[in-house]
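Reviewing the structure listed below.
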Amino acid sequence: MTCRGGVGNRLLAGLPPEDIALLAPDLETVAIDPETVLSHAGDRIEHVFFPHSGAISLMIDMAGGQTVSTAAVGHEGAVGILAVLGPSPSAATANDRAAGTASRIPAYRFHVAFNRSPAIRHAVQIHVRAMLMQFQLGAACNALHPVRARMARWLLYLRDHVDDDVLPLTQEALSQMLGVRRTTVTLLTRDLRASGAIRSVRRGQIEIDRSQLAAAACECYRTMRHEVEEIFSTHPARPSVLPVPDEASR
């Protein structure tokens, strides 16, 4: 479904008007439903997505059927942006975890604009720096911190992007993201609920207490938020509105 509206993505909002103009004819705003797969690992990247809202997890699928989330992308970043390096398969499966909208552009058209615009190239560099930080810190967190603290970190991250204490998330999705059994998530949910960090669990929804959950999370949550803000401080966002082309001109 194609929608109309302004820019809610931090990378796009930071571009000067002349650089937005390079992208605008090929951008469309699409609604993304929960659990929508934007790209599968191994498939060629066809589109670059710039989320306005919602949260997308990047999943690694192991040969034995196990999965684990290595990073997440919200309104501060993009999915498929490394297509600027040339035609290549996606390294991870991008799975939407919360309904939202995103600006979508064909990868080859974004590559053309990338080659023409220093500002767009700078935006890609900002995104890559933020993702590398998330990959590195996430790897250390997965190796050193208990799964209870990691689960709290992921719930807080999703809460930041949904901007609501009721998260549209199943325990099955959490087990896939954390790379643990569903029974482990059930036990952790009970434990966090007993401590007050989780208020209730309903079908497809987990209600949290943000302050209590922050106390249960490892320091990686706060470190990631701080590091992302530090990275984006060199790339201040400016409000922009994308012109929406007439359907007849497309």
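Every chain in the structure tokens has a letter given in the order shown (A, B, ...), and although residue numbers restart at 1 in each chain, ligands are simply numbered from 1 in the order shown.
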* To do: With a distance cut-off of 8 Å and only C-alpha atoms, select the neighbouring residues of region 112-116 of chain A, excluding the residue or stretch itself and same-chain residues fewer than 2 positions from it, and output the selection as a ChimeraX atom specification.
  => /A:22-23,84,108-110,118,120-121
* region 176-181 of chain A surroundings by only C-alpha atoms, 9 Å radius, close-in-sequence under 6 positions cut, as a VMD selection string -> chain A and resid 57 to 59 66 to 70 142 147 150 to 151 154
* Using only C-alpha atoms, which residue out of A:Asp209, A:Glu35, A:Asp26, A:Glu219 lies closest to Thr170 (chain A)? -> A:Glu35
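Here the question is which of A:Thr223, A:Asn95, A:Gln125, A:Gln205 gets nearest to Leu82 (chain A) using only C-alpha atoms, and that residue is A:Gln125.
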* Near-Val48 (chain A) list (12 Å; only C-alpha atoms; drop same-chain fewer than 6 positions) as a PyMOL selection string -> chain A and resi 23+26-30+38-39+77-84+90+94+102-111+114+124
* Asked: Got a sec: who's within 8 Å of Cys220 (chain A), counting only C-alpha atoms, leaving out chain neighbours fewer than 5 positions off, as a list in words?
  -> Leu137, Gly138, Cys141 and Arg153 of chain A
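Restricting the calculation to only C-alpha atoms, the smallest distance between Met131 (chain A) and any of A:Arg202, A:Cys218, A:Gly74, A:Pro168 is found for A:Gly74.
Of all the residues in region 2-54 of chain A, the ones DSSP labels as strand (DSSP E) from the backbone are Thr2, Cys3, Glu28, Thr29, Val30, Ala31, Ile32, Val37, Leu38, Ser39, His47, Val48, Phe49, Phe50 and Pro51 of chain A.
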Just-selected residues, N, CA and C atoms written as a PDB file, in the first residue's frame:
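Writing done, so here's part00.pdb:
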ATOM      1  N   THR A   2       0.617   2.190  -0.876  1.00  0.00           N
ATOM      2  CA  THR A   2       1.374   3.422  -0.942  1.00  0.00           C
ATOM      3  C   THR A   2       0.643   4.510  -0.197  1.00  0.00           C
ATOM      4  N   CYS A   3       1.383   5.244   0.659  1.00  0.00           N
ATOM      5  CA  CYS A   3       0.810   6.301   1.462  1.00  0.00           C
ATOM      6  C   CYS A   3       1.426   7.634   1.062  1.00  0.00           C
ATOM      7  N   GLU A  28       8.741   5.850  -2.675  1.00  0.00           N
ATOM      8  CA  GLU A  28       7.338   5.685  -2.325  1.00  0.00           C
ATOM      9  C   GLU A  28       7.265   5.290  -0.854  1.00  0.00           C
ATOM     10  N   THR A  29       6.217   5.733  -0.197  1.00  0.00           N
ATOM     11  CA  THR A  29       6.036   5.401   1.215  1.00  0.00           C
ATOM     12  C   THR A  29       5.101   4.209   1.319  1.00  0.00           C
ATOM     13  N   VAL A  30       5.579   3.152   1.964  1.00  0.00           N
ATOM     14  CA  VAL A  30       4.820   1.911   2.047  1.00  0.00           C
ATOM     15  C   VAL A  30       4.533   1.562   3.497  1.00  0.00           C
ATOM     16  N   ALA A  31       3.387   0.968   3.716  1.00  0.00           N
ATOM     17  CA  ALA A  31       3.036   0.440   5.034  1.00  0.00           C
ATOM     18  C   ALA A  31       3.617  -0.959   5.171  1.00  0.00           C
ATOM     19  N   ILE A  32       4.180  -1.249   6.344  1.00  0.00           N
ATOM     20  CA  ILE A  32       4.807  -2.549   6.589  1.00  0.00           C
ATOM     21  C   ILE A  32       4.105  -3.216   7.769  1.00  0.00           C
ATOM     22  N   VAL A  37       8.745  -9.874   5.900  1.00  0.00           N
ATOM     23  CA  VAL A  37      10.157 -10.047   5.574  1.00  0.00           C
ATOM     24  C   VAL A  37      10.495  -9.103   4.419  1.00  0.00           C
ATOM     25  N   LEU A  38      11.356  -8.132   4.683  1.00  0.00           N
ATOM     26  CA  LEU A  38      11.725  -7.163   3.654  1.00  0.00           C
ATOM     27  C   LEU A  38      12.772  -7.722   2.709  1.00  0.00           C
ATOM     28  N   SER A  39      13.618  -8.592   3.220  1.00  0.00           N
ATOM     29  CA  SER A  39      14.614  -9.253   2.373  1.00  0.00           C
ATOM     30  C   SER A  39      15.069 -10.530   3.055  1.00  0.00           C
ATOM     31  N   HIS A  47      15.421  -3.433  -3.019  1.00  0.00           N
ATOM     32  CA  HIS A  47      14.986  -2.118  -2.560  1.00  0.00           C
ATOM     33  C   HIS A  47      15.776  -1.697  -1.325  1.00  0.00           C
ATOM     34  N   VAL A  48      15.908  -0.399  -1.153  1.00  0.00           N
ATOM     35  CA  VAL A  48      16.422   0.180   0.082  1.00  0.00           C
ATOM     36  C   VAL A  48      15.227   0.769   0.824  1.00  0.00           C
ATOM     37  N   PHE A  49      15.093   0.427   2.116  1.00  0.00           N
ATOM     38  CA  PHE A  49      13.987   0.900   2.942  1.00  0.00           C
ATOM     39  C   PHE A  49      14.519   1.877   3.992  1.00  0.00           C
ATOM     40  N   PHE A  50      13.820   3.011   4.135  1.00  0.00           N
ATOM     41  CA  PHE A  50      14.125   3.989   5.167  1.00  0.00           C
ATOM     42  C   PHE A  50      12.917   4.055   6.105  1.00  0.00           C
ATOM     43  N   PRO A  51      12.946   3.342   7.227  1.00  0.00           N
ATOM     44  CA  PRO A  51      11.775   3.311   8.109  1.00  0.00           C
ATOM     45  C   PRO A  51      11.438   4.692   8.678  1.00  0.00           C
TER      46      PRO A  51
END
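The space separating CA of Ser233 (chain A) from CA of Gly8 (chain A) comes to 17.3 Å.
The space separating CA of Ala24 (chain A) from CA of Ala71 (chain A) comes to 27.8 Å.
Closest approach to Ala119 (chain A) from the set A:Ala63, A:Ile231, A:Leu12, A:Leu167 is made by A:Leu12, with distances taken over only C-alpha atoms.
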* Hey, what does DSSP flag as alpha helix (DSSP H) within region 99-215 of chain A? Can you give it to me as a ChimeraX atom specification? -> /A:107-116,118-144,147-162,171-178,182-194,210-215
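Proximity of A:Gly204, A:Pro146, A:Gly54, A:Gly64 to Asp164 (chain A), computed with only C-alpha atoms, is greatest for A:Gly54.
If only C-alpha atoms are the atoms counted, then among A:Asp19, A:Asp165, A:Asp160, A:Asp33 the closest residue to Arg199 (chain A) is A:Asp165.
Of note, CA of Arg97 (chain A) and CA of Leu155 (chain A) are spaced 11.2 Å apart.
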